[in-house]
Amino acid sequence: MRYIQRLPKPEVLEKNAAQWTADFLAVRTANPNKKRPDNSKYAHKEIKNYLAGMSSKKCFYCERPIVESEYEIDHFIEAVERPDLAFDWENLYLSCKNCNREKIPNTKLPNIETLNPCSNKHLHNEHLAFDDEQIRSRDGSQLFPFGR
Ligand SMILES: [Zn+2]
């Protein structure tokens, strides 16, 4: 995982995020079983294109190249946990299927223990070392550089 500079919020979110969030929160209040937000909204084509542009069409977590038909949008903080962040630009990441759906097998790391790809560069250098093409956790780092 490398540091990724986040672009300004896409227009579709500028226009709609507040309303989409209010609608989703209202639906969840009326029906607590409705856990997931509508992916036709948070995975809008404009959002995918912005995220793909930021990461050179690579997964934010594992850095594998992704073809457009397989772009997935991950919530860094799960919408189930924080429905108010379901359409928050800072919480949306381009992810490959593997990282979005499987994460680390049999592991559920709390977000607080995960290094965010868009956190500041200083934090990345503090926790990760880049030796040629190898990326590793620095000795003593308590943050996982991947998944959650
Ligand atoms: Zn991945």
# chains A, B, ... in the order shown; residues from 1 in each chain; ligands from 1
>>> residues_near_ligand(ligand="ligand 1", cutoff="9 Å", atoms="only C-alpha atoms and all ligand atoms", output="PyMOL selection string")
chain A and resi 58-66+94-100+103+146-147
>>> write_last_selection(atoms="C-alpha atoms", output="PDB file, in the first residue's frame")
ATOM      1  CA  LYS A  58      -5.037   0.033  -9.003  1.00  0.00           C
ATOM      2  CA  CYS A  59      -6.643  -1.364  -5.896  1.00  0.00           C
ATOM      3  CA  PHE A  60      -6.008   1.060  -3.007  1.00  0.00           C
ATOM      4  CA  TYR A  61      -5.055  -1.824  -0.727  1.00  0.00           C
ATOM      5  CA  CYS A  62      -3.099  -4.470  -2.653  1.00  0.00           C
ATOM      6  CA  GLU A  63      -2.137  -2.272  -5.665  1.00  0.00           C
ATOM      7  CA  ARG A  64      -3.118  -4.841  -8.265  1.00  0.00           C
ATOM      8  CA  PRO A  65      -4.274  -3.255 -11.538  1.00  0.00           C
ATOM      9  CA  ILE A  66      -8.054  -3.497 -11.966  1.00  0.00           C
ATOM     10  CA  LEU A  94     -11.322   1.745  -5.158  1.00  0.00           C
ATOM     11  CA  SER A  95     -10.830  -1.909  -4.396  1.00  0.00           C
ATOM     12  CA  CYS A  96     -10.371  -5.190  -6.200  1.00  0.00           C
ATOM     13  CA  LYS A  97     -12.964  -7.901  -5.542  1.00  0.00           C
ATOM     14  CA  ASN A  98     -10.580  -9.823  -3.376  1.00  0.00           C
ATOM     15  CA  CYS A  99      -9.832  -6.967  -1.031  1.00  0.00           C
ATOM     16  CA  ASN A 100     -13.395  -5.717  -0.931  1.00  0.00           C
ATOM     17  CA  LYS A 103     -10.153  -8.919   3.263  1.00  0.00           C
ATOM     18  CA  PHE A 146      -3.972  -3.667   4.463  1.00  0.00           C
ATOM     19  CA  GLY A 147      -7.655  -4.448   4.813  1.00  0.00           C
TER      20      GLY A 147
END
>>> residues_around(residues="Arg82 in chain A", least_positions_apart="6", cutoff="12 Å", atoms="only C-alpha atoms", output="JSON, numbers by chain")
{"A": [21, 24, 25, 28, 35, 36, 37, 75, 76, 88, 91, 111]}
>>> select_by_dssp(residues="range 16-94 of chain A", states="strand (DSSP E)", output="PyMOL selection string")
chain A and resi 72-75+92-94
>>> write_last_selection(atoms="N, CA and C atoms", output="CSV table (one decimal), in the first residue's frame")
chain,number,residue,atom,x,y,z
A,72,GLU,N,-14.5,-2.0,-7.8
A,72,GLU,CA,-15.5,-2.1,-6.7
A,72,GLU,C,-15.1,-0.9,-5.7
A,73,ILE,N,-16.2,-0.5,-5.1
A,73,ILE,CA,-16.0,0.6,-4.1
A,73,ILE,C,-16.1,0.1,-2.7
A,74,ASP,N,-15.1,0.3,-1.9
A,74,ASP,CA,-15.1,-0.2,-0.6
A,74,ASP,C,-15.3,1.0,0.4
A,75,HIS,N,-16.0,0.8,1.5
A,75,HIS,CA,-16.1,1.8,2.5
A,75,HIS,C,-15.0,1.5,3.5
A,92,LEU,N,-14.6,6.5,0.8
A,92,LEU,CA,-14.7,5.6,-0.4
A,92,LEU,C,-13.4,5.3,-1.0
A,93,TYR,N,-13.2,4.1,-1.4
A,93,TYR,CA,-11.9,3.6,-1.9
A,93,TYR,C,-12.2,2.6,-3.1
A,94,LEU,N,-11.3,2.7,-4.1
A,94,LEU,CA,-11.3,1.7,-5.2
A,94,LEU,C,-10.6,0.5,-4.7
>>> atom_distance(atom1="CA of Glu11 in chain A", atom2="CA of Ile47 in chain A")
8.8 Å
>>> closest_residue(among="A:Asp139, A:Glu133, A:Asp38, A:Glu14", to="Pro83 in chain A", atoms="only C-alpha atoms")
A:Asp38
>>> residues_around(residues="Gln5 in chain A", least_positions_apart="2", cutoff="9 Å", atoms="only C-alpha atoms", output="mmCIF file with N, CA and C atoms, in the first residue's frame")
data_model
loop_
_atom_site.group_PDB
_atom_site.id
_atom_site.type_symbol
_atom_site.label_atom_id
_atom_site.label_comp_id
_atom_site.auth_asym_id
_atom_site.auth_seq_id
_atom_site.Cartn_x
_atom_site.Cartn_y
_atom_site.Cartn_z
ATOM 1 N N TYR A 3 0.866 5.650 -0.189
ATOM 2 C CA TYR A 3 0.049 6.829 0.088
ATOM 3 C C TYR A 3 -0.655 7.284 -1.194
ATOM 4 N N LEU A 7 -8.291 13.281 -4.421
ATOM 5 C CA LEU A 7 -8.739 14.398 -5.257
ATOM 6 C C LEU A 7 -9.909 15.105 -4.565
ATOM 7 N N MET A 54 -7.040 8.511 -9.117
ATOM 8 C CA MET A 54 -6.149 8.727 -7.975
ATOM 9 C C MET A 54 -5.144 7.604 -7.803
ATOM 10 N N SER A 55 -5.552 6.382 -8.129
ATOM 11 C CA SER A 55 -4.695 5.215 -7.839
ATOM 12 C C SER A 55 -4.105 4.591 -9.094
ATOM 13 N N PRO A 117 -5.059 4.288 3.224
ATOM 14 C CA PRO A 117 -4.231 4.671 2.065
ATOM 15 C C PRO A 117 -4.173 6.181 1.837
ATOM 16 N N CYS A 118 -5.194 6.900 2.283
ATOM 17 C CA CYS A 118 -5.225 8.353 2.053
ATOM 18 C C CYS A 118 -4.860 9.152 3.305
ATOM 19 N N SER A 119 -4.386 8.476 4.338
ATOM 20 C CA SER A 119 -3.928 9.230 5.499
ATOM 21 C C SER A 119 -2.663 9.979 5.109
ATOM 22 N N ASN A 120 -2.181 10.854 5.958
ATOM 23 C CA ASN A 120 -1.059 11.686 5.505
ATOM 24 C C ASN A 120 0.211 10.863 5.290
ATOM 25 N N LYS A 121 1.036 11.381 4.396
ATOM 26 C CA LYS A 121 2.230 10.675 3.951
ATOM 27 C C LYS A 121 3.177 10.387 5.116
#
>>> atom_distance(atom1="CA of Leu13 in chain A", atom2="CA of Asn33 in chain A")
25.3 Å
>>> atom_distance(atom1="CA of Asp23 in chain A", atom2="CA of Leu85 in chain A")
12.6 Å
>>> residues_around(residues="Arg136 in chain A", least_positions_apart="5", cutoff="9 Å", atoms="only C-alpha atoms", output="count of residues only")
6
>>> select_by_dssp(residues="range 16-110 of chain A", states="helix (DSSP H, G or I)", output="MDAnalysis selection string")
chainID A and resid 16:30 39:42 45:54 68:70 83:85 89:91 97:102
>>> write_last_selection(atoms="N, CA and C atoms", output="compact mmCIF listing (two decimals), in the first residue's frame")
# COMPACT_ATOMS: atom_id res chain seq x y z
N ASN A 16 -25.23 15.42 -4.21
CA ASN A 16 -26.19 14.43 -3.69
C ASN A 16 -25.88 13.80 -2.35
N ALA A 17 -24.64 13.88 -1.88
CA ALA A 17 -24.26 13.10 -0.69
C ALA A 17 -25.14 13.40 0.53
N ALA A 18 -25.45 14.67 0.75
CA ALA A 18 -26.24 15.01 1.94
C ALA A 18 -27.64 14.37 1.86
N GLN A 19 -28.26 14.47 0.69
CA GLN A 19 -29.59 13.89 0.52
C GLN A 19 -29.56 12.37 0.59
N TRP A 20 -28.57 11.76 -0.10
CA TRP A 20 -28.45 10.30 -0.08
C TRP A 20 -28.25 9.80 1.35
N THR A 21 -27.44 10.52 2.12
CA THR A 21 -27.18 10.12 3.51
C THR A 21 -28.46 10.24 4.33
N ALA A 22 -29.17 11.34 4.18
CA ALA A 22 -30.43 11.53 4.93
C ALA A 22 -31.43 10.44 4.56
N ASP A 23 -31.52 10.12 3.28
CA ASP A 23 -32.45 9.07 2.83
C ASP A 23 -32.07 7.71 3.42
N PHE A 24 -30.77 7.40 3.38
CA PHE A 24 -30.30 6.10 3.89
C PHE A 24 -30.55 5.99 5.39
N LEU A 25 -30.27 7.06 6.13
CA LEU A 25 -30.50 7.04 7.58
C LEU A 25 -31.99 6.86 7.89
N ALA A 26 -32.84 7.49 7.09
CA ALA A 26 -34.30 7.36 7.28
C ALA A 26 -34.75 5.93 7.00
N VAL A 27 -34.21 5.34 5.93
CA VAL A 27 -34.57 3.95 5.59
C VAL A 27 -34.13 3.00 6.71
N ARG A 28 -32.94 3.23 7.22
CA ARG A 28 -32.42 2.35 8.30
C ARG A 28 -33.23 2.50 9.58
N THR A 29 -33.70 3.69 9.83
CA THR A 29 -34.53 3.89 11.02
C THR A 29 -35.85 3.13 10.86
N ALA A 30 -36.42 3.21 9.66
CA ALA A 30 -37.69 2.53 9.40
C ALA A 30 -37.50 1.01 9.31
N ASN A 39 -25.69 0.77 -3.87
CA ASN A 39 -24.39 0.92 -4.54
C ASN A 39 -24.49 1.62 -5.89
N SER A 40 -25.69 1.80 -6.42
CA SER A 40 -25.79 2.61 -7.65
C SER A 40 -25.50 4.07 -7.32
N LYS A 41 -25.54 4.41 -6.03
CA LYS A 41 -25.21 5.78 -5.62
C LYS A 41 -23.73 5.89 -5.26
N TYR A 42 -23.27 5.13 -4.24
CA TYR A 42 -21.87 5.33 -3.83
C TYR A 42 -20.88 4.79 -4.86
N LYS A 45 -20.53 6.00 -11.52
CA LYS A 45 -19.42 5.98 -12.48
C LYS A 45 -18.42 7.13 -12.26
N GLU A 46 -18.94 8.30 -11.95
CA GLU A 46 -18.04 9.44 -11.72
C GLU A 46 -17.14 9.21 -10.50
N ILE A 47 -17.71 8.61 -9.46
CA ILE A 47 -16.93 8.32 -8.25
C ILE A 47 -15.86 7.28 -8.56
N LYS A 48 -16.26 6.23 -9.28
CA LYS A 48 -15.27 5.20 -9.67
C LYS A 48 -14.15 5.81 -10.49
N ASN A 49 -14.50 6.67 -11.43
CA ASN A 49 -13.47 7.26 -12.29
C ASN A 49 -12.51 8.17 -11.51
N TYR A 50 -13.04 8.92 -10.56
CA TYR A 50 -12.17 9.75 -9.71
C TYR A 50 -11.19 8.88 -8.92
N LEU A 51 -11.75 7.83 -8.30
CA LEU A 51 -10.90 6.96 -7.48
C LEU A 51 -9.86 6.25 -8.34
N ALA A 52 -10.28 5.79 -9.53
CA ALA A 52 -9.34 5.10 -10.42
C ALA A 52 -8.23 6.06 -10.87
N GLY A 53 -8.58 7.31 -11.09
CA GLY A 53 -7.59 8.30 -11.47
C GLY A 53 -6.57 8.55 -10.36
N MET A 54 -7.04 8.51 -9.12
CA MET A 54 -6.15 8.73 -7.97
C MET A 54 -5.14 7.60 -7.80
N GLU A 68 -11.77 -1.83 -15.63
CA GLU A 68 -12.91 -0.99 -15.26
C GLU A 68 -14.15 -1.80 -14.88
N SER A 69 -14.39 -2.91 -15.60
CA SER A 69 -15.59 -3.70 -15.32
C SER A 69 -15.53 -4.36 -13.93
N GLU A 70 -14.34 -4.37 -13.33
CA GLU A 70 -14.20 -5.00 -12.01
C GLU A 70 -13.92 -4.01 -10.89
N PRO A 83 -23.39 4.43 9.20
CA PRO A 83 -24.23 4.75 8.03
C PRO A 83 -24.13 6.22 7.62
N ASP A 84 -23.74 7.07 8.56
CA ASP A 84 -23.59 8.49 8.22
C ASP A 84 -22.39 8.73 7.30
N LEU A 85 -21.51 7.72 7.17
CA LEU A 85 -20.35 7.85 6.27
C LEU A 85 -20.52 7.07 4.97
N TRP A 89 -17.11 11.14 0.90
CA TRP A 89 -16.00 11.01 -0.07
C TRP A 89 -14.75 10.44 0.57
N GLU A 90 -14.43 10.91 1.77
CA GLU A 90 -13.20 10.46 2.45
C GLU A 90 -13.25 8.98 2.85
N ASN A 91 -14.42 8.39 2.78
CA ASN A 91 -14.59 7.00 3.22
C ASN A 91 -14.69 6.01 2.04
N LYS A 97 -11.96 -7.02 -6.16
CA LYS A 97 -12.96 -7.90 -5.54
C LYS A 97 -12.40 -8.59 -4.31
N ASN A 98 -11.19 -9.07 -4.46
CA ASN A 98 -10.58 -9.82 -3.38
C ASN A 98 -10.48 -9.00 -2.09
N CYS A 99 -9.99 -7.80 -2.23
CA CYS A 99 -9.83 -6.97 -1.03
C CYS A 99 -11.18 -6.50 -0.50
N ASN A 100 -12.10 -6.21 -1.38
CA ASN A 100 -13.40 -5.72 -0.93
C ASN A 100 -14.21 -6.80 -0.24
N ARG A 101 -14.13 -8.01 -0.76
CA ARG A 101 -15.04 -9.05 -0.26
C ARG A 101 -14.42 -10.00 0.74
N GLU A 102 -13.13 -10.22 0.60
CA GLU A 102 -12.53 -11.23 1.46
C GLU A 102 -11.65 -10.66 2.55
